[in-house]
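Presented below is the structure to which this report refers.
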Amino acid sequence: MLFLISAGPTREKIDPIRFISNHSSGKMGYALAAAAKATGGEVVLISGPTQLTPPENITVVQVESAAEMAEAVHRHAPEADIIIMAAAVADYRPVKTFSEKMKKTPGNLMLELERTEDILMNLGKHKRPNQKLVGFAAETNDVVEHAIEKLKKKNLDWIIANDVSRKDRGFGSDHNAVTMISANGDICEVALSDKKTVARRIIRKILQG
Ligand code: CTP
């Protein structure tokens, strides 16, 4: 059983010293990689920049931008049995990256952004029979409704919804509480606990369902 798991944020370069990113710590994705490895599976972890030490005996590919993450994920996806996109991939990147440090000038600065690839959406379009595709939905309101929309739109088997408006869980925290929703209509609540416990429950449920 080969698990392909993405984790952490991406960085979209503005110039050699500046970038656009987000507060993802990578903890949930790394905990999922460890939990997947503990089931006896093989794991490929595609990681954006984090402060974390990856679990032992897995394959780790370190990337920075959404484009690099897309390339690494698509390279490994054909052999993967279960793909879990836990990374907080940037939706936009600067249209132009400056090769020298940008100097300030008087007045405001407009930064034009363009969409990055929606990696999960493309994985959904090319999903193999028997391949399970799992996404995360970070929401601040109407969590389950928005998650179900993403499950359908991206052709997923499971969506894992978390409420990122809560300070005690999710982004950056050591804890999480999630609602898992399957394409078959199963709904499973994973109560607030440390991310390692939440990860074990998520992996168990995906392997069952
Ligand atoms: N995702 C991805 N590629 C992107 C953006 C997101 O693969 N460019 C994946 C994430 O890894 C996650 C899922 O899509 O598993 C949902 O991400 P989220 O940001 O919650 O949703 P979006 O589809 O970007 O929708 P929106 O920002 O409008 O809520």
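Labels for the structure tokens follow display order: chains A, B, ..., residues from 1 in each chain, ligands from 1.
Every protein, DNA or RNA residue with an atom at most 8 Å from Asn122 of chain A, where only C-alpha atoms count and chain neighbours fewer than 4 positions away do not, is listed here: Asp118, His126 and Lys154 of chain A.
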Protein and nucleic acid residues within 7 Å of ligand 1 (only C-alpha atoms and all ligand atoms) as a PyMOL selection string = chain A and resi 66+85-91+116-121+135-139+150
What does the file look like for those residues with N, CA and C atoms, as a short mmCIF file (atom, residue, chain, number, x, y, z; two decimals), in the first residue's frame?
```cif
data_model
loop_
_atom_site.label_atom_id
_atom_site.label_comp_id
_atom_site.auth_asym_id
_atom_site.auth_seq_id
_atom_site.Cartn_x
_atom_site.Cartn_y
_atom_site.Cartn_z
N ALA A 66 3.92 26.19 -5.11
CA ALA A 66 2.79 25.34 -5.53
C ALA A 66 3.15 24.58 -6.81
N MET A 85 -4.08 15.06 0.37
CA MET A 85 -3.54 16.42 0.18
C MET A 85 -3.83 17.23 1.44
N ALA A 86 -2.85 17.19 2.37
CA ALA A 86 -3.00 17.96 3.62
C ALA A 86 -2.29 19.31 3.51
N ALA A 87 -1.57 19.54 2.42
CA ALA A 87 -0.83 20.80 2.27
C ALA A 87 -1.78 21.98 2.09
N ALA A 88 -1.35 23.13 2.60
CA ALA A 88 -2.08 24.38 2.38
C ALA A 88 -1.44 25.05 1.17
N VAL A 89 -1.87 24.62 0.00
CA VAL A 89 -1.26 25.10 -1.26
C VAL A 89 -1.76 26.51 -1.54
N ALA A 90 -0.84 27.41 -1.89
CA ALA A 90 -1.26 28.78 -2.22
C ALA A 90 -2.16 28.74 -3.44
N ASP A 91 -3.25 29.49 -3.41
CA ASP A 91 -4.16 29.56 -4.56
C ASP A 91 -3.68 30.55 -5.61
N THR A 116 -2.71 29.49 -9.12
CA THR A 116 -1.83 28.32 -9.23
C THR A 116 -2.69 27.15 -9.68
N GLU A 117 -2.05 26.04 -9.99
CA GLU A 117 -2.81 24.83 -10.33
C GLU A 117 -3.56 24.32 -9.11
N ASP A 118 -4.79 23.91 -9.26
CA ASP A 118 -5.48 23.19 -8.19
C ASP A 118 -5.07 21.72 -8.33
N ILE A 119 -4.09 21.33 -7.53
CA ILE A 119 -3.48 19.99 -7.67
C ILE A 119 -4.52 18.90 -7.42
N LEU A 120 -5.29 19.08 -6.36
CA LEU A 120 -6.29 18.06 -5.98
C LEU A 120 -7.35 17.89 -7.07
N MET A 121 -7.78 19.01 -7.65
CA MET A 121 -8.78 18.95 -8.72
C MET A 121 -8.24 18.12 -9.89
N GLY A 135 -9.01 14.91 0.48
CA GLY A 135 -8.65 16.33 0.56
C GLY A 135 -9.00 16.89 1.91
N PHE A 136 -8.45 18.05 2.19
CA PHE A 136 -8.80 18.79 3.40
C PHE A 136 -9.60 20.02 3.00
N ALA A 137 -10.49 20.43 3.85
CA ALA A 137 -11.23 21.67 3.61
C ALA A 137 -11.08 22.54 4.84
N ALA A 138 -10.34 23.62 4.69
CA ALA A 138 -10.16 24.57 5.78
C ALA A 138 -11.26 25.61 5.63
N GLU A 139 -12.16 25.67 6.58
CA GLU A 139 -13.32 26.57 6.46
C GLU A 139 -13.49 27.39 7.74
N LYS A 150 -16.71 20.69 -2.00
CA LYS A 150 -15.34 20.39 -2.48
C LYS A 150 -15.19 18.90 -2.79
#
```
inquiry  = Given only C-alpha atoms as the basis, pick out the residue of A:Met102, A:Leu4, A:Ala70, A:Ile160 nearest to Pro16 of chain A.
reply    =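 Of A:Met102, A:Leu4, A:Ala70, A:Ile160, the one nearest Pro16 of chain A is A:Met102, counting only C-alpha atoms.
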Coordinates-based distance that separates atom CA of Leu156 of chain A from atom CA of Thr197 of chain A (Å, one decimal) =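 For atom CA of Thr197 of chain A relative to atom CA of Leu156 of chain A, the distance reads 23.1 Å.
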remark   = For Val198 of chain A, the closest of A:Thr179, A:Asn141, A:Thr97, A:Asn108 counting only C-alpha atoms is A:Thr179
Residues of segment 136-208 of chain A within 8 Å of segment 23-35 of chain A: nearest atom pair and distance (Å, one decimal) for each, counting only C-alpha atoms, sorted by chain and number, as JSON lines?
```
{"residue": "A:Phe171", "atom": "CA", "partner": "A:Ser24", "partner_atom": "CA", "distance": 5.4}
{"residue": "A:Gly172", "atom": "CA", "partner": "A:Ser25", "partner_atom": "CA", "distance": 5.0}
{"residue": "A:Asp174", "atom": "CA", "partner": "A:Lys27", "partner_atom": "CA", "distance": 7.3}
{"residue": "A:Lys195", "atom": "CA", "partner": "A:Met28", "partner_atom": "CA", "distance": 5.9}
{"residue": "A:Lys196", "atom": "CA", "partner": "A:Ala31", "partner_atom": "CA", "distance": 5.2}
{"residue": "A:Ala199", "atom": "CA", "partner": "A:Leu32", "partner_atom": "CA", "distance": 4.9}
{"residue": "A:Arg200", "atom": "CA", "partner": "A:Ala35", "partner_atom": "CA", "distance": 5.2}
{"residue": "A:Ile202", "atom": "CA", "partner": "A:Leu32", "partner_atom": "CA", "distance": 7.9}
{"residue": "A:Ile203", "atom": "CA", "partner": "A:Ala35", "partner_atom": "CA", "distance": 6.8}
```
task = Extract, using only C-alpha atoms, all DNA, RNA and protein residues at most 10 Å from Arg18 of chain A, discarding same-chain residues fewer than 5 positions from it, and format them as a PyMOL selection string.
result = chain A and resi 11-13+97-98+101-102
Could the residues in this selection be saved with N, CA, C and O atoms as an mmCIF file, in the first residue's frame?
```
data_model
loop_
_atom_site.group_PDB
_atom_site.id
_atom_site.type_symbol
_atom_site.label_atom_id
_atom_site.label_comp_id
_atom_site.auth_asym_id
_atom_site.auth_seq_id
_atom_site.Cartn_x
_atom_site.Cartn_y
_atom_site.Cartn_z
ATOM 1 N N ARG A 11 5.431 28.432 -0.697
ATOM 2 C CA ARG A 11 5.930 29.814 -0.747
ATOM 3 C C ARG A 11 5.961 30.259 -2.195
ATOM 4 O O ARG A 11 6.559 29.570 -3.026
ATOM 5 N N GLU A 12 5.358 31.398 -2.437
ATOM 6 C CA GLU A 12 5.306 31.944 -3.800
ATOM 7 C C GLU A 12 6.177 33.189 -3.831
ATOM 8 O O GLU A 12 5.857 34.198 -3.199
ATOM 9 N N LYS A 13 7.265 33.106 -4.575
ATOM 10 C CA LYS A 13 8.297 34.150 -4.554
ATOM 11 C C LYS A 13 7.862 35.479 -5.159
ATOM 12 O O LYS A 13 7.302 35.496 -6.260
ATOM 13 N N THR A 97 8.084 37.430 -10.908
ATOM 14 C CA THR A 97 9.047 37.281 -9.818
ATOM 15 C C THR A 97 10.267 38.113 -10.185
ATOM 16 O O THR A 97 10.786 37.978 -11.288
ATOM 17 N N PHE A 98 10.699 38.997 -9.279
ATOM 18 C CA PHE A 98 11.837 39.870 -9.563
ATOM 19 C C PHE A 98 13.136 39.139 -9.216
ATOM 20 O O PHE A 98 13.236 38.528 -8.149
ATOM 21 N N LYS A 101 16.345 42.204 -5.520
ATOM 22 C CA LYS A 101 15.492 42.709 -4.441
ATOM 23 C C LYS A 101 14.727 43.948 -4.923
ATOM 24 O O LYS A 101 15.329 44.867 -5.487
ATOM 25 N N MET A 102 13.409 43.939 -4.728
ATOM 26 C CA MET A 102 12.592 45.097 -5.134
ATOM 27 C C MET A 102 12.907 46.282 -4.242
ATOM 28 O O MET A 102 12.943 46.144 -3.021
#
```
key: All helix (DSSP H, G or I) residues (DSSP, backbone) inside chain A, as a PyMOL selection string   = chain A and resi 27-38+66-79+119-125+143-153+195-208
Among listed residues A:Lys167, A:Pro78, A:Asp142, A:Trp158, nearest Leu123 of chain A (using only C-alpha atoms) =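 Ranked by minimum distance to Leu123 of chain A, first place goes to A:Pro78.
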request  = Could you tell me, as a ChimeraX atom specification, which residues of chain A DSSP assigns to strand (DSSP E) when given the backbone?
outcome  = /A:2-7,12-15,18-20,42-47,59-62,82-85,92-94,113-115,132-139,158-163,175-182,187-194
I need the residues from that last selection saved to file as a PDB file, in the first residue's frame (with C-alpha atoms), if you can.
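That gives us again.pdb:
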```pdb
ATOM      1  CA  LEU A   2       1.586   3.299  -1.106  1.00  0.00           C
ATOM      2  CA  PHE A   3       0.443   6.512   0.575  1.00  0.00           C
ATOM      3  CA  LEU A   4       1.242   9.847  -1.085  1.00  0.00           C
ATOM      4  CA  ILE A   5       0.810  12.669   1.436  1.00  0.00           C
ATOM      5  CA  SER A   6       1.386  16.407   1.023  1.00  0.00           C
ATOM      6  CA  ALA A   7       2.025  18.691   3.982  1.00  0.00           C
ATOM      7  CA  GLU A  12       5.306  31.944  -3.800  1.00  0.00           C
ATOM      8  CA  LYS A  13       8.297  34.150  -4.554  1.00  0.00           C
ATOM      9  CA  ILE A  14       8.027  37.913  -5.038  1.00  0.00           C
ATOM     10  CA  ASP A  15      11.792  38.537  -5.175  1.00  0.00           C
ATOM     11  CA  ARG A  18      10.152  37.933  -0.116  1.00  0.00           C
ATOM     12  CA  PHE A  19       7.320  35.508  -0.632  1.00  0.00           C
ATOM     13  CA  ILE A  20       3.583  34.936  -0.112  1.00  0.00           C
ATOM     14  CA  GLU A  42       5.066   2.811   2.119  1.00  0.00           C
ATOM     15  CA  VAL A  43       4.895   6.593   2.359  1.00  0.00           C
ATOM     16  CA  VAL A  44       5.975   9.416   0.055  1.00  0.00           C
ATOM     17  CA  LEU A  45       5.721  12.795   1.807  1.00  0.00           C
ATOM     18  CA  ILE A  46       5.768  15.932  -0.341  1.00  0.00           C
ATOM     19  CA  SER A  47       6.531  18.744   2.062  1.00  0.00           C
ATOM     20  CA  THR A  59      10.531   9.051   1.111  1.00  0.00           C
ATOM     21  CA  VAL A  60      10.534  12.824   1.574  1.00  0.00           C
ATOM     22  CA  VAL A  61      10.470  15.368  -1.239  1.00  0.00           C
ATOM     23  CA  GLN A  62      11.035  18.948  -0.076  1.00  0.00           C
ATOM     24  CA  ILE A  82      -4.077   6.549  -1.279  1.00  0.00           C
ATOM     25  CA  ILE A  83      -3.373  10.251  -1.863  1.00  0.00           C
ATOM     26  CA  ILE A  84      -3.949  12.712   0.973  1.00  0.00           C
ATOM     27  CA  MET A  85      -3.543  16.417   0.180  1.00  0.00           C
ATOM     28  CA  TYR A  92      -2.325  32.540  -6.105  1.00  0.00           C
ATOM     29  CA  ARG A  93       1.257  33.465  -6.974  1.00  0.00           C
ATOM     30  CA  PRO A  94       2.819  36.714  -8.220  1.00  0.00           C
ATOM     31  CA  LEU A 113      -1.409  37.570  -8.672  1.00  0.00           C
ATOM     32  CA  GLU A 114      -2.387  34.642 -10.876  1.00  0.00           C
ATOM     33  CA  ARG A 115      -3.994  31.331  -9.980  1.00  0.00           C
ATOM     34  CA  LYS A 132      -8.457   6.781  -2.959  1.00  0.00           C
ATOM     35  CA  LEU A 133      -8.255  10.544  -3.023  1.00  0.00           C
ATOM     36  CA  VAL A 134      -8.545  12.543   0.194  1.00  0.00           C
ATOM     37  CA  GLY A 135      -8.651  16.327   0.561  1.00  0.00           C
ATOM     38  CA  PHE A 136      -8.797  18.794   3.403  1.00  0.00           C
ATOM     39  CA  ALA A 137     -11.234  21.667   3.612  1.00  0.00           C
ATOM     40  CA  ALA A 138     -10.160  24.575   5.783  1.00  0.00           C
ATOM     41  CA  GLU A 139     -13.318  26.569   6.463  1.00  0.00           C
ATOM     42  CA  TRP A 158     -13.071  11.593   1.515  1.00  0.00           C
ATOM     43  CA  ILE A 159     -12.948  15.214   2.567  1.00  0.00           C
ATOM     44  CA  ILE A 160     -11.613  16.144   5.972  1.00  0.00           C
ATOM     45  CA  ALA A 161     -13.147  19.382   7.153  1.00  0.00           C
ATOM     46  CA  ASN A 162     -11.703  21.568   9.843  1.00  0.00           C
ATOM     47  CA  ASP A 163     -12.915  24.808  11.316  1.00  0.00           C
ATOM     48  CA  HIS A 175      -4.488  19.713  18.286  1.00  0.00           C
ATOM     49  CA  ASN A 176      -7.258  19.239  15.789  1.00  0.00           C
ATOM     50  CA  ALA A 177     -10.885  18.169  15.522  1.00  0.00           C
ATOM     51  CA  VAL A 178     -12.248  17.222  12.120  1.00  0.00           C
ATOM     52  CA  THR A 179     -15.343  15.994  10.353  1.00  0.00           C
ATOM     53  CA  MET A 180     -14.687  13.332   7.711  1.00  0.00           C
ATOM     54  CA  ILE A 181     -17.246  13.001   4.924  1.00  0.00           C
ATOM     55  CA  SER A 182     -17.111  10.257   2.298  1.00  0.00           C
ATOM     56  CA  ILE A 187     -19.972  11.260   8.180  1.00  0.00           C
ATOM     57  CA  CYS A 188     -17.438  10.669  10.958  1.00  0.00           C
ATOM     58  CA  GLU A 189     -16.529  13.138  13.688  1.00  0.00           C
ATOM     59  CA  VAL A 190     -13.003  12.963  15.091  1.00  0.00           C
ATOM     60  CA  ALA A 191     -13.109  14.696  18.469  1.00  0.00           C
ATOM     61  CA  LEU A 192     -10.557  17.292  19.624  1.00  0.00           C
ATOM     62  CA  SER A 193      -7.251  15.558  20.397  1.00  0.00           C
ATOM     63  CA  ASP A 194      -3.562  15.835  19.589  1.00  0.00           C
TER      64      ASP A 194
END
```
request  = Kindly give the distance, in Å, that separates atom CA of Met1 of chain A and atom CA of Val144 of chain A, rounded to a single decimal.
outcome  = 29.3 Å
inquiry  = Between atom CA of Arg166 of chain A and atom CA of Thr50 of chain A, what is the distance in Å, rounded to a tenth?
reply    = 21.7 Å
